[in-house]
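Colleague: Just one file: target_3.tsv, with TSV, C-alpha atoms and all ligand atoms.
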chain	number	residue	atom	x	y	z
A	1	MET	CA	-32.32	28.86	-23.82
A	2	LYS	CA	-34.53	29.44	-20.77
A	3	ARG	CA	-32.80	28.87	-17.47
A	4	ARG	CA	-35.24	26.13	-16.39
A	5	GLN	CA	-34.63	24.19	-19.59
A	6	PHE	CA	-30.86	24.67	-19.29
A	7	VAL	CA	-30.86	23.32	-15.73
A	8	LYS	CA	-32.83	20.29	-16.80
A	9	GLN	CA	-30.56	19.55	-19.75
A	10	THR	CA	-27.37	19.90	-17.76
A	11	ALA	CA	-28.46	17.89	-14.76
A	12	ALA	CA	-26.86	14.72	-16.10
A	13	GLY	CA	-23.72	16.64	-17.01
A	14	ALA	CA	-23.53	18.13	-13.54
A	15	LEU	CA	-23.69	14.69	-11.99
A	16	LEU	CA	-20.86	13.54	-14.20
A	17	THR	CA	-18.82	16.64	-13.34
A	18	GLY	CA	-19.45	15.95	-9.65
A	19	ALA	CA	-18.29	12.39	-10.06
A	20	LEU	CA	-15.10	13.43	-11.82
A	21	ALA	CA	-14.43	16.19	-9.30
A	22	GLY	CA	-14.89	13.57	-6.58
A	23	CYS	CA	-11.86	11.75	-7.97
A	24	GLY	CA	-9.66	14.70	-7.02
A	25	ARG	CA	-7.76	14.51	-3.76
A	26	GLU	CA	-8.72	17.97	-2.55
A	27	GLN	CA	-12.36	17.38	-3.26
A	28	ARG	CA	-12.30	14.19	-1.23
A	29	GLN	CA	-10.45	15.59	1.70
A	30	THR	CA	-12.07	18.96	2.08
A	31	ALA	CA	-15.56	18.50	0.59
A	32	PRO	CA	-17.60	19.90	3.49
A	33	ALA	CA	-21.03	20.58	2.07
A	34	ALA	CA	-19.97	20.39	-1.58
A	35	PRO	CA	-22.58	18.83	-3.85
A	36	ASP	CA	-20.49	15.77	-4.71
A	37	ASN	CA	-21.82	12.28	-4.96
A	38	THR	CA	-21.43	11.51	-1.28
A	39	ALA	CA	-24.28	13.90	-0.58
A	40	ALA	CA	-26.54	12.19	-3.11
A	41	PRO	CA	-26.58	8.42	-2.66
A	42	ALA	CA	-27.12	6.50	-5.86
A	43	PRO	CA	-30.67	5.21	-6.27
A	44	THR	CA	-31.19	1.66	-5.11
A	45	THR	CA	-32.44	-0.57	-7.87
A	46	ALA	CA	-33.01	-4.25	-8.26
A	47	GLU	CA	-29.54	-4.38	-9.73
A	48	THR	CA	-27.77	-2.77	-6.76
A	49	ARG	CA	-25.15	-4.94	-5.14
A	50	ASN	CA	-24.20	-3.92	-1.62
A	51	TRP	CA	-20.57	-4.86	-1.15
A	52	LYS	CA	-18.53	-4.77	2.01
A	53	MET	CA	-14.83	-3.88	1.89
A	54	VAL	CA	-12.76	-4.95	4.91
A	55	THR	CA	-9.37	-3.34	5.39
A	56	ALA	CA	-6.17	-3.69	7.37
A	57	TRP	CA	-6.22	0.03	8.22
A	58	PRO	CA	-7.88	2.31	10.72
A	59	LYS	CA	-10.92	3.80	9.00
A	60	ASN	CA	-10.16	6.85	6.84
A	61	PHE	CA	-6.55	6.84	8.01
A	62	PRO	CA	-4.38	9.13	5.80
A	63	GLY	CA	-2.84	7.37	2.82
A	64	LEU	CA	-3.88	3.74	3.23
A	65	GLY	CA	-7.33	4.14	4.78
A	66	VAL	CA	-8.17	7.08	2.51
A	67	GLY	CA	-6.96	4.97	-0.42
A	68	ALA	CA	-9.43	2.22	0.47
A	69	GLU	CA	-12.25	4.77	0.73
A	70	HIS	CA	-11.22	6.26	-2.60
A	71	LEU	CA	-11.38	2.88	-4.32
A	72	ALA	CA	-14.79	2.16	-2.80
A	73	ARG	CA	-16.12	5.51	-3.96
A	74	LEU	CA	-14.69	5.06	-7.45
A	75	ILE	CA	-16.44	1.72	-7.87
A	76	THR	CA	-19.71	3.11	-6.51
A	77	GLU	CA	-19.57	6.21	-8.74
A	78	MET	CA	-18.32	4.54	-11.91
A	79	SER	CA	-21.00	1.87	-11.65
A	80	GLY	CA	-23.73	4.47	-11.09
A	81	GLY	CA	-24.45	2.81	-7.77
A	82	ARG	CA	-24.96	-0.67	-9.23
A	83	ILE	CA	-22.16	-1.72	-6.87
A	84	ALA	CA	-22.41	0.23	-3.61
A	85	VAL	CA	-19.22	-0.39	-1.60
A	86	LYS	CA	-19.14	0.24	2.15
A	87	VAL	CA	-15.72	0.33	3.81
A	88	TYR	CA	-15.00	-1.19	7.21
A	89	GLY	CA	-11.87	-0.15	9.09
A	90	ALA	CA	-9.71	-2.71	10.90
A	91	GLY	CA	-11.69	-4.23	13.76
A	92	GLU	CA	-15.08	-2.94	12.63
A	93	LEU	CA	-16.17	-6.13	10.93
A	94	VAL	CA	-13.04	-8.27	11.33
A	95	PRO	CA	-9.55	-7.59	12.76
A	96	ALA	CA	-6.88	-6.23	10.38
A	97	PHE	CA	-5.13	-9.53	9.85
A	98	GLU	CA	-8.34	-11.47	9.15
A	99	ALA	CA	-9.35	-9.48	6.07
A	100	PHE	CA	-8.02	-12.11	3.66
A	101	ASP	CA	-9.97	-14.97	5.21
A	102	ALA	CA	-13.08	-12.81	5.62
A	103	VAL	CA	-13.26	-12.13	1.88
A	104	ARG	CA	-12.31	-15.71	1.09
A	105	GLY	CA	-15.21	-16.88	3.25
A	106	GLY	CA	-17.70	-14.38	1.81
A	107	VAL	CA	-18.08	-12.31	5.01
A	108	ALA	CA	-17.13	-9.37	2.77
A	109	GLN	CA	-16.91	-9.10	-1.03
A	110	MET	CA	-13.60	-7.27	-1.12
A	111	GLY	CA	-10.59	-6.36	0.98
A	112	HIS	CA	-7.82	-3.75	1.02
A	113	ALA	CA	-4.44	-4.65	2.51
A	114	SER	CA	-0.96	-5.66	1.35
A	115	ALA	CA	0.01	-9.14	0.22
A	116	TYR	CA	2.90	-9.66	2.64
A	117	TYR	CA	0.45	-9.79	5.53
A	118	TRP	CA	-0.60	-13.21	4.20
A	119	GLN	CA	2.86	-14.67	3.64
A	120	GLY	CA	1.91	-17.47	6.04
A	121	LYS	CA	-0.43	-18.78	3.30
A	122	ASN	CA	2.36	-18.77	0.75
A	123	PRO	CA	5.69	-16.91	1.00
A	124	ALA	CA	5.37	-16.17	-2.74
A	125	PHE	CA	2.88	-13.44	-1.77
A	126	ASN	CA	5.77	-11.25	-0.61
A	127	PHE	CA	6.71	-10.52	-4.20
A	128	PHE	CA	3.31	-8.88	-4.82
A	129	SER	CA	3.84	-6.47	-1.94
A	130	SER	CA	7.44	-5.47	-1.34
A	131	VAL	CA	10.78	-7.22	-1.08
A	132	PRO	CA	13.90	-5.84	0.65
A	133	PHE	CA	16.20	-4.17	-1.91
A	134	GLY	CA	13.61	-4.97	-4.58
A	135	MET	CA	11.58	-2.79	-6.92
A	136	ASN	CA	10.45	0.79	-6.46
A	137	ALA	CA	6.88	1.88	-7.24
A	138	ALA	CA	7.36	2.47	-10.98
A	139	GLU	CA	9.12	-0.87	-11.35
A	140	MET	CA	6.44	-2.74	-9.38
A	141	ASN	CA	3.71	-1.29	-11.59
A	142	ALA	CA	5.69	-2.15	-14.73
A	143	TRP	CA	6.26	-5.75	-13.59
A	144	LEU	CA	2.69	-6.27	-12.38
A	145	TYR	CA	0.86	-4.69	-15.33
A	146	LYS	CA	3.28	-5.33	-18.20
A	147	GLY	CA	5.79	-7.93	-17.04
A	148	GLY	CA	3.60	-10.89	-16.10
A	149	GLY	CA	3.46	-10.15	-12.35
A	150	LEU	CA	-0.30	-9.69	-12.13
A	151	GLU	CA	-0.98	-12.95	-13.97
A	152	LEU	CA	1.16	-14.77	-11.41
A	153	TRP	CA	-0.58	-12.95	-8.57
A	154	ARG	CA	-3.99	-14.08	-9.88
A	155	GLU	CA	-2.68	-17.61	-10.10
A	156	ALA	CA	-1.33	-17.40	-6.53
A	157	TYR	CA	-4.66	-16.18	-5.08
A	158	ALA	CA	-6.85	-18.50	-7.20
A	159	PRO	CA	-6.71	-21.44	-4.74
A	160	PHE	CA	-8.12	-19.07	-2.11
A	161	GLY	CA	-11.06	-18.00	-4.28
A	162	LEU	CA	-9.79	-14.43	-4.55
A	163	VAL	CA	-9.15	-12.07	-7.48
A	164	PRO	CA	-6.28	-9.68	-6.58
A	165	MET	CA	-5.24	-6.36	-8.09
A	166	PRO	CA	-2.83	-3.54	-7.23
A	167	ALA	CA	-4.74	-0.75	-5.46
A	168	GLY	CA	-2.12	1.67	-4.21
A	169	ASN	CA	1.58	2.19	-3.65
A	170	THR	CA	3.35	4.04	-0.86
A	171	GLY	CA	6.53	4.67	-2.83
A	172	LEU	CA	9.82	4.20	-0.99
A	173	GLN	CA	9.22	4.02	2.74
A	174	MET	CA	11.28	5.28	5.67
A	175	GLY	CA	13.47	2.91	7.68
A	176	GLY	CA	11.45	3.43	10.83
A	177	TRP	CA	11.37	4.96	14.30
A	178	PHE	CA	13.96	4.01	16.90
A	179	ASN	CA	14.21	4.87	20.58
A	180	ARG	CA	18.00	4.77	20.32
A	181	GLU	CA	20.60	5.47	17.68
A	182	ILE	CA	21.81	2.71	15.39
A	183	ASN	CA	25.52	3.31	14.92
A	184	SER	CA	26.61	-0.13	13.72
A	185	ALA	CA	25.25	-3.57	12.92
A	186	ALA	CA	26.02	-4.54	16.54
A	187	ASP	CA	23.24	-2.18	17.69
A	188	LEU	CA	20.68	-4.46	16.01
A	189	GLN	CA	21.31	-7.21	18.57
A	190	GLY	CA	18.16	-7.77	20.59
A	191	LEU	CA	16.38	-4.85	18.94
A	192	LYS	CA	12.65	-5.54	19.14
A	193	MET	CA	11.03	-3.95	16.13
A	194	ARG	CA	7.66	-3.96	14.43
A	195	ILE	CA	8.53	-4.78	10.83
A	196	PRO	CA	6.41	-7.01	8.58
A	197	GLY	CA	7.16	-9.23	5.60
A	198	LEU	CA	10.62	-10.31	4.57
A	199	GLY	CA	12.16	-7.24	6.20
A	200	GLY	CA	11.27	-8.81	9.54
A	201	LYS	CA	13.07	-12.02	8.64
A	202	VAL	CA	16.14	-10.04	7.65
A	203	LEU	CA	16.12	-8.16	10.96
A	204	GLU	CA	15.92	-11.45	12.86
A	205	ARG	CA	18.99	-12.76	11.04
A	206	ALA	CA	20.77	-9.56	11.95
A	207	GLY	CA	20.09	-10.38	15.61
A	208	GLY	CA	16.89	-8.43	16.16
A	209	VAL	CA	13.38	-9.55	17.07
A	210	ALA	CA	10.66	-8.88	14.47
A	211	VAL	CA	7.14	-8.20	15.69
A	212	SER	CA	4.02	-8.13	13.53
A	213	LEU	CA	1.43	-5.61	14.65
A	214	PRO	CA	-1.38	-3.85	12.77
A	215	GLY	CA	-0.89	-0.11	12.35
A	216	GLY	CA	-3.47	0.83	14.95
A	217	GLU	CA	-1.40	-0.81	17.72
A	218	LEU	CA	1.97	0.72	16.87
A	219	PHE	CA	1.86	3.87	18.94
A	220	THR	CA	0.95	2.14	22.20
A	221	ALA	CA	3.52	-0.59	21.64
A	222	MET	CA	6.22	2.03	21.13
A	223	GLN	CA	5.12	4.25	23.98
A	224	THR	CA	4.92	1.45	26.53
A	225	GLY	CA	8.34	0.16	25.54
A	226	ALA	CA	6.93	-3.19	24.39
A	227	ILE	CA	9.04	-2.62	21.25
A	228	ASP	CA	12.19	-0.56	20.67
A	229	ALA	CA	11.50	0.41	17.09
A	230	ALA	CA	8.70	0.42	14.54
A	231	GLU	CA	8.33	1.07	10.88
A	232	TRP	CA	5.01	2.02	9.32
A	233	THR	CA	5.27	3.79	5.97
A	234	ASN	CA	6.61	7.27	5.42
A	235	PRO	CA	6.27	10.80	6.83
A	236	TYR	CA	2.71	11.45	5.63
A	237	ASN	CA	1.35	8.41	7.52
A	238	ASP	CA	3.86	8.31	10.36
A	239	LEU	CA	3.11	11.89	11.39
A	240	ALA	CA	-0.61	11.07	11.53
A	241	PHE	CA	0.09	8.09	13.80
A	242	GLY	CA	2.07	10.35	16.14
A	243	LEU	CA	5.04	8.01	16.17
A	244	HIS	CA	7.35	10.98	16.78
A	245	LYS	CA	5.85	11.24	20.27
A	246	ALA	CA	7.09	7.75	21.08
A	247	ALA	CA	10.54	7.63	19.45
A	248	LYS	CA	13.24	10.19	18.83
A	249	TYR	CA	15.10	8.92	15.79
A	250	TYR	CA	13.68	8.55	12.29
A	251	TYR	CA	15.88	6.47	10.01
A	252	TYR	CA	16.14	6.21	6.22
A	253	PRO	CA	16.13	4.71	3.64
A	254	GLY	CA	13.39	2.10	3.79
A	255	TRP	CA	15.56	-0.71	2.45
A	256	HIS	CA	12.91	-3.25	3.40
A	257	GLU	CA	10.01	-1.64	1.48
A	258	PRO	CA	11.28	0.25	-1.56
A	259	GLY	CA	7.87	0.56	-3.26
A	260	THR	CA	5.12	-1.28	-1.44
A	261	THR	CA	2.08	-2.28	-3.46
A	262	LEU	CA	-1.26	-2.21	-1.68
A	263	GLU	CA	-3.84	-4.67	-2.87
A	264	CYS	CA	-7.53	-5.09	-3.39
A	265	PHE	CA	-8.79	-8.66	-3.43
A	266	VAL	CA	-12.30	-9.59	-4.50
A	267	ASN	CA	-14.23	-12.72	-3.61
A	268	ARG	CA	-14.17	-14.69	-6.86
A	269	ASP	CA	-17.85	-15.71	-6.74
A	270	ALA	CA	-18.84	-12.07	-6.25
A	271	PHE	CA	-16.56	-10.99	-9.10
A	272	GLU	CA	-17.64	-13.66	-11.55
A	273	GLU	CA	-21.30	-12.97	-10.93
A	274	LEU	CA	-20.77	-9.43	-12.31
A	275	PRO	CA	-21.65	-8.57	-15.92
A	276	ASN	CA	-18.64	-7.63	-18.04
A	277	ASP	CA	-19.08	-3.86	-17.70
A	278	LEU	CA	-19.06	-4.03	-13.90
A	279	ARG	CA	-16.03	-6.33	-13.91
A	280	ALA	CA	-14.22	-3.77	-16.05
A	281	ILE	CA	-15.25	-0.98	-13.68
A	282	VAL	CA	-13.86	-2.83	-10.64
A	283	LEU	CA	-10.55	-3.48	-12.42
A	284	ARG	CA	-10.21	0.05	-13.83
A	285	ALA	CA	-11.10	1.56	-10.44
A	286	GLY	CA	-8.24	-0.48	-8.96
A	287	GLU	CA	-5.82	0.98	-11.51
A	288	ALA	CA	-7.01	4.52	-10.78
A	289	ALA	CA	-6.71	3.99	-7.01
A	290	ASN	CA	-3.23	2.51	-7.49
A	291	GLN	CA	-2.04	5.67	-9.23
A	292	ASP	CA	-3.85	8.03	-6.90
A	293	MET	CA	-2.25	6.70	-3.72
A	294	LEU	CA	1.28	7.06	-5.06
A	295	ALA	CA	0.56	10.66	-6.07
A	296	ASP	CA	-0.95	11.29	-2.64
A	297	TYR	CA	2.14	10.06	-0.78
A	298	THR	CA	4.54	11.79	-3.17
A	299	ALA	CA	2.70	15.09	-2.76
A	300	ARG	CA	2.48	14.95	1.03
A	301	ASN	CA	5.64	13.30	2.33
A	302	PHE	CA	7.92	16.32	2.07
A	303	GLY	CA	5.55	18.61	3.96
A	304	ALA	CA	5.05	16.00	6.67
A	305	LEU	CA	8.82	15.48	7.01
A	306	LYS	CA	9.31	19.23	7.39
A	307	THR	CA	6.68	19.30	10.13
A	308	LEU	CA	8.34	16.38	11.93
A	309	VAL	CA	11.73	18.07	11.88
A	310	ASP	CA	10.79	21.75	12.31
A	311	GLU	CA	7.89	21.45	14.73
A	312	HIS	CA	8.61	18.21	16.58
A	313	GLY	CA	12.40	18.17	16.61
A	314	VAL	CA	12.67	14.69	15.14
A	315	GLY	CA	16.22	13.48	14.51
A	316	VAL	CA	16.45	12.20	10.95
A	317	ARG	CA	19.29	9.71	10.49
A	318	ARG	CA	20.65	7.66	7.62
A	319	PHE	CA	21.41	4.02	8.43
A	320	PRO	CA	25.21	3.56	8.56
A	321	ASP	CA	26.71	1.93	5.48
A	322	ASP	CA	27.71	-1.23	7.36
A	323	VAL	CA	24.14	-1.70	8.61
A	324	LEU	CA	22.71	-1.33	5.10
A	325	ALA	CA	25.38	-3.68	3.74
A	326	ARG	CA	24.47	-6.27	6.40
A	327	PHE	CA	20.74	-5.95	5.60
A	328	ARG	CA	21.46	-6.31	1.89
A	329	GLU	CA	23.61	-9.40	2.34
A	330	LEU	CA	21.01	-11.07	4.59
A	331	SER	CA	18.16	-10.07	2.26
A	332	ALA	CA	19.67	-12.02	-0.62
A	333	GLY	CA	19.59	-15.18	1.49
A	334	VAL	CA	16.04	-14.59	2.70
A	335	VAL	CA	14.75	-13.98	-0.85
A	336	ALA	CA	16.54	-17.12	-2.08
A	337	GLU	CA	14.83	-19.17	0.64
A	338	VAL	CA	11.43	-17.83	-0.35
A	339	ALA	CA	12.16	-18.75	-3.97
A	340	ALA	CA	12.95	-22.32	-2.87
A	341	ALA	CA	9.85	-22.66	-0.65
A	342	ASN	CA	7.57	-24.13	-3.32
A	343	PRO	CA	7.24	-24.31	-7.12
A	344	LEU	CA	4.95	-21.28	-7.39
A	345	ALA	CA	7.29	-19.15	-5.28
A	346	GLY	CA	10.13	-20.28	-7.53
A	347	ARG	CA	8.28	-19.19	-10.67
A	348	VAL	CA	7.22	-15.86	-9.17
A	349	HIS	CA	10.76	-15.19	-8.03
A	350	GLU	CA	12.16	-16.03	-11.45
A	351	SER	CA	9.78	-13.60	-13.16
A	352	TRP	CA	10.41	-10.89	-10.53
A	353	ARG	CA	14.20	-11.35	-10.56
A	354	SER	CA	14.60	-11.29	-14.33
A	355	PHE	CA	12.37	-8.22	-14.61
A	356	LEU	CA	14.28	-6.42	-11.85
A	357	ASP	CA	17.64	-7.20	-13.45
A	358	ALA	CA	16.49	-5.99	-16.86
A	359	VAL	CA	14.75	-2.85	-15.64
A	360	GLY	CA	17.76	-2.18	-13.41
A	361	ASP	CA	20.06	-2.08	-16.42
A	362	TRP	CA	17.80	0.52	-17.99
A	363	ASN	CA	17.27	2.52	-14.80
A	364	THR	CA	21.01	2.74	-14.20
A	365	LEU	CA	21.40	4.85	-17.30
A	366	SER	CA	18.06	6.61	-17.02
A	367	GLU	CA	16.64	7.37	-13.55
A	368	LYS	CA	19.83	6.85	-11.57
A	369	ALA	CA	22.03	8.80	-14.00
A	370	TYR	CA	19.51	11.62	-13.98
A	371	PHE	CA	19.14	11.72	-10.17
A	372	ASP	CA	22.92	11.61	-9.76
A	373	ILE	CA	23.31	14.69	-11.92
A	374	ARG	CA	20.24	16.51	-10.59
A	375	TYR	CA	21.50	16.30	-7.02
A	376	ASN	CA	25.19	16.89	-7.60
B	1	CA	CA	6.06	-0.43	6.14
Could I get this structure in the form of structure tokens?
Modeller:
Amino acid sequence: MKRRQFVKQTAAGALLTGALAGCGREQRQTAPAAPDNTAAPAPTTAETRNWKMVTAWPKNFPGLGVGAEHLARLITEMSGGRIAVKVYGAGELVPAFEAFDAVRGGVAQMGHASAYYWQGKNPAFNFFSSVPFGMNAAEMNAWLYKGGGLELWREAYAPFGLVPMPAGNTGLQMGGWFNREINSAADLQGLKMRIPGLGGKVLERAGGVAVSLPGGELFTAMQTGAIDAAEWTNPYNDLAFGLHKAAKYYYYPGWHEPGTTLECFVNRDAFEELPNDLRAIVLRAGEAANQDMLADYTARNFGALKTLVDEHGVGVRRFPDDVLARFRELSAGVVAEVAAANPLAGRVHESWRSFLDAVGDWNTLSEKAYFDIRYN
């Protein structure tokens, strides 16, 4: 075969290879002048839909922001450019905590955040994000995809004209950054901490003050002393935020967020206007992004933790047993109150609780038994 002919015949294959390579983490993060799809915008046709994605994260921020960009690129690539998604970081189009209403109102077609940010709309949303002493990442995915969780989530967002889907998971988070040591439950009195969702309610019952702040404001709030403690996610993200420059102690485990699901929500009119193949692409891209983020965190947390300890002298501490016991006791009450808040929350809680109990029985003799032996 002549070279010219070969080049012509493989052009389509090369594009496909580029698209697949673009799904790889290294390709995305390094890709300087590599001939991936970012360098060759998809042709604009009459069928092209230009979608805006608003997010709760600083643009391109490691982990969460990169996850949003990855999802946008997947949809754009998989659809051959028929849906071209442009990502807006927090504050670029709307502030972080207005993403939900922006997509609801059609200012943007899709959003990337986590459901507990919108618990003021319905406390049931907490179950689709993370619940203190609740499910880890594998359990959340199992409940959402195979245990009825996603159906309930769609029902919960339907009155707001939104179609939700899982679009990332941080895995188990860290307990947060503290400017002083926590030696007993008494040290929580008056502690002013940035901690969202139900974890914040638990802290308040333990005598602390919970503050809700978007990620981009954490460092300044810590550094100025406006708050005494802050949790964000885990080492990979926390190192990038520079939180170690504002607080000395880094506590674990993240009892309040044992496997936080990130979400993508799509304006229902925009979604339903799509032909079936594009709907499938949006949904499958969400699944791929969901898996990719968990792998990203899992692959990068240990290196980031080593950097925090070895290069920045961070003091890693485990919460004392009595503090964890207090959090656990208070969490049960907070979760029960959410379940009693309204009929939908009651149904979501029932589904979530029965799945967690059942999967817990299995995990006790599978994952837990294995980890116990692997680390003893
Ligand atoms: Ca967090």
Colleague: Just the number, please: distance in Å from CA of Arg82 in chain A to CA of Met293 in chain A, one decimal.
Modeller: 24.5 Å
Colleague: Using CA of Val54 in chain A and CA of Gly111 in chain A as the two end points, give the distance in Å to one decimal.
Modeller: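 Atom-to-atom, CA of Val54 in chain A and CA of Gly111 in chain A are spaced 4.7 Å apart.
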Colleague: What residues have any atom no more than 12 Å from ligand CA 1 (chain B) when counting all atoms listed in the file, and can you list them as a VMD selection string?
Modeller: chain A and resid 64 113 to 114 116 to 117 129 to 132 169 to 177 193 to 200 212 to 215 218 230 to 235 237 to 238 253 to 262
Colleague: Could you work out how far CA of Glu337 in chain A lies from CA of Val163 in chain A, giving the answer in Å with one decimal?
Modeller: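 Computing it gives 26.3 Å between the two atoms.
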Colleague: Compare A:Pro123, A:Gly91, A:Pro58, A:Gly67 by their minimum atom-to-atom distance to Gly346 in chain A, counting only C-alpha atoms, and give me the closest one.
Modeller: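 Once distances to Gly346 in chain A are computed over only C-alpha atoms, the minimum belongs to A:Pro123.
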